[in-house]
>>> print(open('start_4.txt').read())   # compact mmCIF, C-alpha atoms (C1' of nucleotides)
# COMPACT_ATOMS: atom_id res chain seq x y z
CA MET A 1 -95.01 2.54 177.80
CA LYS A 2 -92.84 4.39 175.29
CA LYS A 3 -92.29 7.61 177.12
CA LYS A 4 -89.90 9.01 174.56
CA SER A 5 -92.46 8.52 171.83
CA TYR A 6 -94.89 10.64 173.76
CA ASN A 7 -92.34 13.33 174.42
CA HIS A 8 -91.38 13.58 170.79
CA PHE A 9 -94.97 13.51 169.70
CA PHE A 10 -95.94 16.42 171.90
CA MET A 11 -92.77 18.33 171.15
CA ASN A 12 -93.99 18.69 167.61
CA PHE A 13 -97.04 20.55 168.84
CA ALA A 14 -95.21 22.53 171.48
CA ASN A 15 -92.92 24.32 169.07
CA LYS A 16 -94.11 27.48 167.37
CA THR A 17 -92.93 26.72 163.86
CA LYS A 18 -93.95 23.08 163.93
CA PHE A 19 -97.35 24.07 165.18
CA ASP A 20 -97.65 26.61 162.37
CA ILE A 21 -96.82 23.91 159.87
CA ILE A 22 -99.52 21.65 161.27
CA MET A 23 -102.01 24.49 161.03
CA ALA A 24 -100.94 25.32 157.50
CA LEU A 25 -101.73 21.77 156.47
CA ARG A 26 -105.19 21.65 157.97
CA ASP A 27 -107.01 22.54 154.75
CA ARG A 28 -104.90 20.74 152.20
CA PRO A 29 -101.54 19.11 151.45
CA LEU A 30 -98.72 21.44 150.47
CA SER A 31 -95.24 21.30 148.99
CA VAL A 32 -92.25 22.37 151.04
CA LEU A 33 -92.00 25.70 149.25
CA GLU A 34 -95.65 26.44 149.84
CA ILE A 35 -95.20 25.66 153.52
CA VAL A 36 -92.12 27.86 153.67
CA LYS A 37 -94.14 30.75 152.28
CA LYS A 38 -97.04 30.17 154.63
CA VAL A 39 -95.05 29.97 157.83
CA GLY A 40 -92.42 32.54 156.88
CA LYS A 41 -89.35 30.63 157.96
CA GLU A 42 -86.15 29.53 156.27
CA GLN A 43 -86.40 26.59 153.91
CA SER A 44 -83.81 24.73 155.86
CA ALA A 45 -85.52 25.24 159.20
CA VAL A 46 -88.81 24.11 157.73
CA SER A 47 -87.18 21.00 156.31
CA HIS A 48 -85.78 20.10 159.69
CA ASP A 49 -89.20 20.51 161.24
CA LEU A 50 -90.91 18.51 158.52
CA ARG A 51 -88.53 15.68 159.13
CA SER A 52 -89.34 15.65 162.80
CA LEU A 53 -93.09 15.85 162.18
CA ALA A 54 -92.98 13.05 159.64
CA ARG A 55 -90.86 10.83 161.85
CA CYS A 56 -93.68 10.94 164.41
CA HIS A 57 -96.26 10.24 161.71
CA ILE A 58 -97.98 13.51 162.36
CA LEU A 59 -97.39 14.22 158.68
CA ASN A 60 -97.25 11.96 155.68
CA SER A 61 -95.39 12.76 152.52
CA LYS A 62 -95.15 11.68 148.94
CA LYS A 63 -92.99 12.71 146.04
CA LYS A 64 -94.40 14.56 143.05
CA GLY A 65 -91.77 15.28 140.45
CA LYS A 66 -89.08 17.19 142.18
CA GLN A 67 -91.42 18.34 144.88
CA ARG A 68 -92.40 16.61 148.08
CA ILE A 69 -95.96 17.01 149.22
CA TYR A 70 -96.71 16.89 152.93
CA SER A 71 -100.13 16.15 154.33
CA LEU A 72 -101.65 15.92 157.78
CA ASN A 73 -102.42 12.70 159.60
CA LYS A 74 -105.97 13.85 160.10
CA ARG A 75 -107.13 10.83 162.03
CA THR A 76 -104.89 11.79 164.93
CA VAL A 77 -104.41 15.50 164.56
CA LEU A 78 -107.92 16.83 164.00
CA PRO A 79 -109.56 15.37 167.09
CA LEU A 80 -106.52 16.29 169.13
CA LEU A 81 -106.69 19.92 168.05
CA LYS A 82 -110.38 19.99 168.75
CA ILE A 83 -109.85 19.00 172.36
CA VAL A 84 -107.11 21.53 172.89
CA GLU A 85 -109.04 24.30 171.15
CA ARG A 86 -111.92 23.79 173.50
CA HIS A 87 -109.54 23.83 176.46
CA VAL A 88 -107.78 27.00 175.38
CA LYS A 89 -111.05 28.79 174.64
CA LYS A 90 -112.35 27.88 178.04
CA TYR A 91 -109.31 28.69 180.14
CA CYS A 92 -107.12 31.15 178.26
CA LYS A 93 -109.64 33.95 177.64
CA ARG A 94 -107.68 36.67 179.34
CA CYS A 95 -104.61 34.87 180.59
CA LYS A 96 -101.27 36.36 179.64
CA LEU A 97 -100.08 33.31 177.75
CA MET B 1 -105.74 32.40 167.84
CA LYS B 2 -103.62 32.30 170.98
CA LYS B 3 -100.59 30.52 169.68
CA LYS B 4 -98.60 30.90 172.88
CA SER B 5 -101.36 29.23 174.83
CA TYR B 6 -101.10 26.21 172.58
CA ASN B 7 -97.33 26.11 172.84
CA HIS B 8 -97.39 26.24 176.61
CA PHE B 9 -100.14 23.70 176.78
CA PHE B 10 -98.28 21.14 174.72
CA MET B 11 -94.97 21.88 176.39
CA ASN B 12 -96.42 20.43 179.56
CA PHE B 13 -96.92 17.13 177.82
CA ALA B 14 -93.65 17.21 175.92
CA ASN B 15 -91.47 17.29 179.00
CA LYS B 16 -90.53 14.05 180.66
CA THR B 17 -91.11 15.03 184.26
CA LYS B 18 -94.29 16.95 183.58
CA PHE B 19 -95.62 14.02 181.62
CA ASP B 20 -94.77 11.71 184.51
CA ILE B 21 -96.68 13.97 186.86
CA ILE B 22 -99.72 13.87 184.61
CA MET B 23 -99.54 10.11 184.52
CA ALA B 24 -99.11 9.89 188.28
CA LEU B 25 -102.35 11.80 188.71
CA ARG B 26 -104.40 9.66 186.40
CA ASP B 27 -105.85 7.48 189.14
CA ARG B 28 -106.28 9.97 191.94
CA PRO B 29 -105.29 13.38 193.32
CA LEU B 30 -102.01 13.54 195.21
CA SER B 31 -100.13 15.88 197.48
CA VAL B 32 -96.82 17.36 196.35
CA LEU B 33 -94.84 14.99 198.49
CA GLU B 34 -96.68 11.98 197.08
CA ILE B 35 -95.98 13.20 193.57
CA VAL B 36 -92.33 13.74 194.43
CA LYS B 37 -92.09 10.13 195.58
CA LYS B 38 -93.89 8.79 192.53
CA VAL B 39 -91.84 10.61 189.92
CA GLY B 40 -88.55 10.45 191.79
CA LYS B 41 -87.47 14.05 191.27
CA GLU B 42 -86.45 16.88 193.56
CA GLN B 43 -89.21 18.59 195.46
CA SER B 44 -88.22 21.90 193.99
CA ALA B 45 -88.23 20.68 190.42
CA VAL B 46 -91.62 19.11 190.92
CA SER B 47 -92.97 22.33 192.37
CA HIS B 48 -91.78 24.27 189.35
CA ASP B 49 -93.46 21.78 187.08
CA LEU B 50 -96.69 21.78 189.06
CA ARG B 51 -96.85 25.53 188.78
CA SER B 52 -96.51 25.35 185.03
CA LEU B 53 -99.10 22.56 184.73
CA ALA B 54 -101.57 24.40 186.91
CA ARG B 55 -101.11 27.67 185.07
CA CYS B 56 -102.33 25.92 181.92
CA HIS B 57 -105.23 24.36 183.82
CA ILE B 58 -104.00 20.90 183.10
CA LEU B 59 -104.01 20.45 186.86
CA ASN B 60 -106.21 21.89 189.56
CA SER B 61 -105.17 22.28 193.13
CA LYS B 62 -106.65 22.89 196.53
CA LYS B 63 -105.16 23.35 199.96
CA LYS B 64 -105.62 20.78 202.68
CA GLY B 65 -103.97 21.82 205.90
CA LYS B 66 -100.37 22.46 205.07
CA GLN B 67 -100.54 20.25 202.04
CA ARG B 68 -101.59 21.13 198.55
CA ILE B 69 -103.48 18.51 196.62
CA TYR B 70 -103.15 18.43 192.87
CA SER B 71 -105.65 16.74 190.58
CA LEU B 72 -105.99 16.21 186.87
CA ASN B 73 -108.29 18.17 184.60
CA LYS B 74 -109.81 14.95 183.36
CA ARG B 75 -112.20 16.52 180.92
CA THR B 76 -109.29 17.65 178.76
CA VAL B 77 -106.50 15.27 179.62
CA LEU B 78 -108.12 11.86 179.43
CA PRO B 79 -109.50 12.08 175.89
CA LEU B 80 -106.27 13.71 174.77
CA LEU B 81 -104.16 10.87 176.13
CA LYS B 82 -106.48 8.36 174.56
CA ILE B 83 -105.89 9.79 171.11
CA VAL B 84 -102.16 9.90 171.51
CA GLU B 85 -101.99 6.42 173.00
CA ARG B 86 -103.75 5.04 169.98
CA HIS B 87 -101.37 6.93 167.71
CA VAL B 88 -98.24 5.76 169.50
CA LYS B 89 -99.43 2.16 169.59
CA LYS B 90 -100.11 2.26 165.90
CA TYR B 91 -96.96 3.97 164.70
CA CYS B 92 -94.24 3.52 167.30
CA LYS B 93 -94.18 -0.25 167.58
CA ARG B 94 -90.55 -0.69 166.69
CA CYS B 95 -89.39 2.84 166.07
CA LYS B 96 -86.34 3.98 167.95
CA LEU B 97 -88.11 6.81 169.74
C1' DT C 1 -93.91 32.41 219.87
C1' DG C 2 -90.78 29.13 218.05
C1' DA C 3 -90.14 24.62 215.97
C1' DT C 4 -91.51 21.54 212.39
C1' DT C 5 -93.50 20.09 208.16
C1' DA C 6 -95.13 21.05 203.36
C1' DT C 7 -94.69 23.68 199.51
C1' DA C 8 -93.09 27.68 196.64
C1' DT C 9 -89.82 30.94 194.67
C1' DG C 10 -85.74 33.09 192.36
C1' DA C 11 -81.27 32.95 190.55
C1' DT C 12 -77.79 30.32 188.46
C1' DT C 13 -75.93 26.52 186.03
C1' DT C 14 -76.61 22.84 182.87
C1' DC C 15 -78.77 20.65 179.18
C1' DT C 16 -81.74 20.47 174.97
C1' DT C 17 -83.79 22.42 171.11
C1' DT C 18 -83.86 25.71 167.38
C1' DT C 19 -81.76 28.56 164.05
C1' DT C 20 -78.54 29.39 160.74
C1' DC C 21 -75.27 28.55 157.18
C1' DA C 22 -73.02 26.03 153.87
C1' DT C 23 -73.45 22.36 151.15
C1' DA C 24 -75.42 17.90 149.32
C1' DT C 25 -78.81 15.20 146.86
C1' DG C 26 -82.08 14.38 143.43
C1' DA C 27 -85.39 15.14 139.78
C1' DA C 28 -86.43 17.43 135.39
C1' DC C 29 -85.26 19.22 131.19
C1' DA C 30 -82.57 22.01 127.63
C1' DT D 1 -74.28 15.99 130.29
C1' DG D 2 -74.77 20.21 132.63
C1' DT D 3 -77.97 23.57 134.48
C1' DT D 4 -81.78 24.71 137.28
C1' DC D 5 -85.20 24.10 140.73
C1' DA D 6 -86.88 21.69 145.05
C1' DT D 7 -85.68 19.66 149.08
C1' DA D 8 -82.55 17.55 152.60
C1' DT D 9 -78.58 17.23 155.61
C1' DG D 10 -74.83 18.21 159.10
C1' DA D 11 -72.34 21.02 162.02
C1' DA D 12 -71.86 25.11 164.69
C1' DA D 13 -73.92 29.05 166.95
C1' DA D 14 -77.76 30.95 169.43
C1' DA D 15 -81.78 30.60 172.20
C1' DG D 16 -84.70 28.50 175.40
C1' DA D 17 -86.06 25.19 178.90
C1' DA D 18 -85.03 22.30 182.88
C1' DA D 19 -82.37 21.01 187.01
C1' DT D 20 -80.27 22.61 191.03
C1' DC D 21 -79.49 25.10 195.15
C1' DA D 22 -80.42 28.12 198.65
C1' DT D 23 -83.91 30.26 200.77
C1' DA D 24 -88.77 32.00 201.55
C1' DT D 25 -93.53 31.42 202.85
C1' DA D 26 -97.31 29.29 205.13
C1' DA D 27 -99.75 26.22 208.10
C1' DT D 28 -99.82 23.46 212.23
C1' DC D 29 -98.89 22.50 216.82
C1' DA D 30 -96.08 22.21 221.23
>>> encode(input="start_4.txt", output="structure tokens")
Amino acid sequence: MKKKSYNHFFMNFANKTKFDIIMALRDRPLSVLEIVKKVGKEQSAVSHDLRSLARCHILNSKKKGKQRIYSLNKRTVLPLLKIVERHVKKYCKRCKL
Amino acid sequence: MKKKSYNHFFMNFANKTKFDIIMALRDRPLSVLEIVKKVGKEQSAVSHDLRSLARCHILNSKKKGKQRIYSLNKRTVLPLLKIVERHVKKYCKRCKL
DNA sequence: TGATTATATGATTTCTTTTTCATATGAACA
DNA sequence: TGTTCATATGAAAAAGAAATCATATAATCA
């Protein structure tokens, strides 16, 4: 079992900015600049995060002129988020987290 | 949306030891000492991790004499692992992670 | 009550991840 | 070709998380 793969995978959801990026891409694919605007972080920081997300195949990307468009791996991410949403709603109503 | 809840939740899967603990509890509930043996870490480190896992309701616990027995929140954890296992098998065949 | 066993806690050190900054690459187009 | 816009990269600084250590609590039982 590839433990490191799991660690990296989950790390991408555990980090605030990376999680924001995932959420930003739920509705539709976006270019880097659009993502930068949505999540309100430095371009460079976002690029680093995108790299990490794409390396784990949480995001896909394709070029479009001089832009790069990132999109969500919905097959994995949507059902995953659904499970965790249910969990958080159930258990984190009035917890301090 | 409780972003911090999500971050903490995923952090418990992203960390090597915590992930090991989750895996150790897949078959059956265990006492702290049993978990310590299984994951091969210091008792104190394991206790810290158990606290964090239980705070997010990934684990439940109950006392039994002077022991404390930890068990998995299967409803959330099992389907989650299933999704990620599929993902890792599909994408991380020969990746370096 | 005091000794023993099981687990938890808090503070500090150590390690990893994230942010930031400066700069590089690469595509489009005048 | 040179300028501009979009994105990526690498290294160093800053922040955050985990491991460690010493000690505390809590339950059991002699």
>>> closest_residue(input="start_4.txt", among="A:Asn15, A:Ser61, A:Ser71, A:Gln43", to="DT7 of chain D", atoms="only C-alpha atoms (C1' of nucleotides)")
A:Gln43
>>> closest_atom_pairs(input="start_4.txt", of="chain C", to="chain A", cutoff="8 Å", atoms="all atoms listed in the file", output="CSV")
residue,atom,partner,partner_atom,distance
C:DT19,C1',A:Ala45,CA,7.0
C:DG26,C1',A:Lys66,CA,7.6
C:DA27,C1',A:Lys66,CA,4.9
C:DA28,C1',A:Lys66,CA,7.3
>>> closest_residue(input="start_4.txt", among="B:His8, B:His57, B:Lys37, B:Arg75", to="chain D", atoms="only C-alpha atoms (C1' of nucleotides)")
B:His8
>>> closest_atom_pairs(input="start_4.txt", of="chain B", to="chain A", cutoff="6 Å", atoms="only C-alpha atoms", output="tab-separated table")
residue	atom	partner	partner_atom	distance
B:Lys4	CA	A:Leu97	CA	5.6
B:Ser5	CA	A:Leu97	CA	5.2
B:Asn7	CA	A:Ala14	CA	4.4
B:Phe10	CA	A:Ala14	CA	4.7
B:Met11	CA	A:Ala14	CA	5.0
B:Ala14	CA	A:Asn7	CA	4.4
B:Leu97	CA	A:Ser5	CA	5.1
>>> atom_distance(input="start_4.txt", atom1="atom C1' of DA6 of chain D", atom2="atom CA of Arg51 of chain A")
15.4 Å
>>> closest_atom_pairs(input="start_4.txt", of="chain D", to="chain B", cutoff="10 Å", atoms="all atoms listed in the file", output="Markdown table")
| residue | atom | partner | partner_atom | distance |
| --- | --- | --- | --- | --- |
| D:DA17 | C1' | B:Asn15 | CA | 9.6 |
| D:DA18 | C1' | B:Ala45 | CA | 8.3 |
| D:DA19 | C1' | B:Ala45 | CA | 6.8 |
| D:DT20 | C1' | B:Ala45 | CA | 8.2 |
| D:DC21 | C1' | B:Ser44 | CA | 9.4 |
| D:DA26 | C1' | B:Lys66 | CA | 7.5 |
| D:DA27 | C1' | B:Lys66 | CA | 4.9 |
| D:DT28 | C1' | B:Lys66 | CA | 7.3 |
>>> atom_distance(input="start_4.txt", atom1="atom CA of Pro29 of chain B", atom2="atom CA of Leu72 of chain B")
7.1 Å
>>> residues_around(input="start_4.txt", residues="Ile35 of chain B", least_positions_apart="3", cutoff="8 Å", atoms="all atoms listed in the file", output="PyMOL selection string")
chain B and resi 21+24+30-32+38-39+46
>>> write_last_selection(input="start_4.txt", atoms="C-alpha atoms", output="short mmCIF file (atom, residue, chain, number, x, y, z; two decimals), keeping the file's coordinate frame")
data_model
loop_
_atom_site.label_atom_id
_atom_site.label_comp_id
_atom_site.auth_asym_id
_atom_site.auth_seq_id
_atom_site.Cartn_x
_atom_site.Cartn_y
_atom_site.Cartn_z
CA ILE B 21 -96.68 13.97 186.86
CA ALA B 24 -99.11 9.89 188.28
CA LEU B 30 -102.01 13.54 195.21
CA SER B 31 -100.13 15.88 197.48
CA VAL B 32 -96.82 17.36 196.35
CA LYS B 38 -93.89 8.79 192.53
CA VAL B 39 -91.84 10.61 189.92
CA VAL B 46 -91.62 19.11 190.92
#
>>> atom_distance(input="start_4.txt", atom1="atom CA of Glu34 of chain B", atom2="atom CA of Leu59 of chain B")
15.2 Å
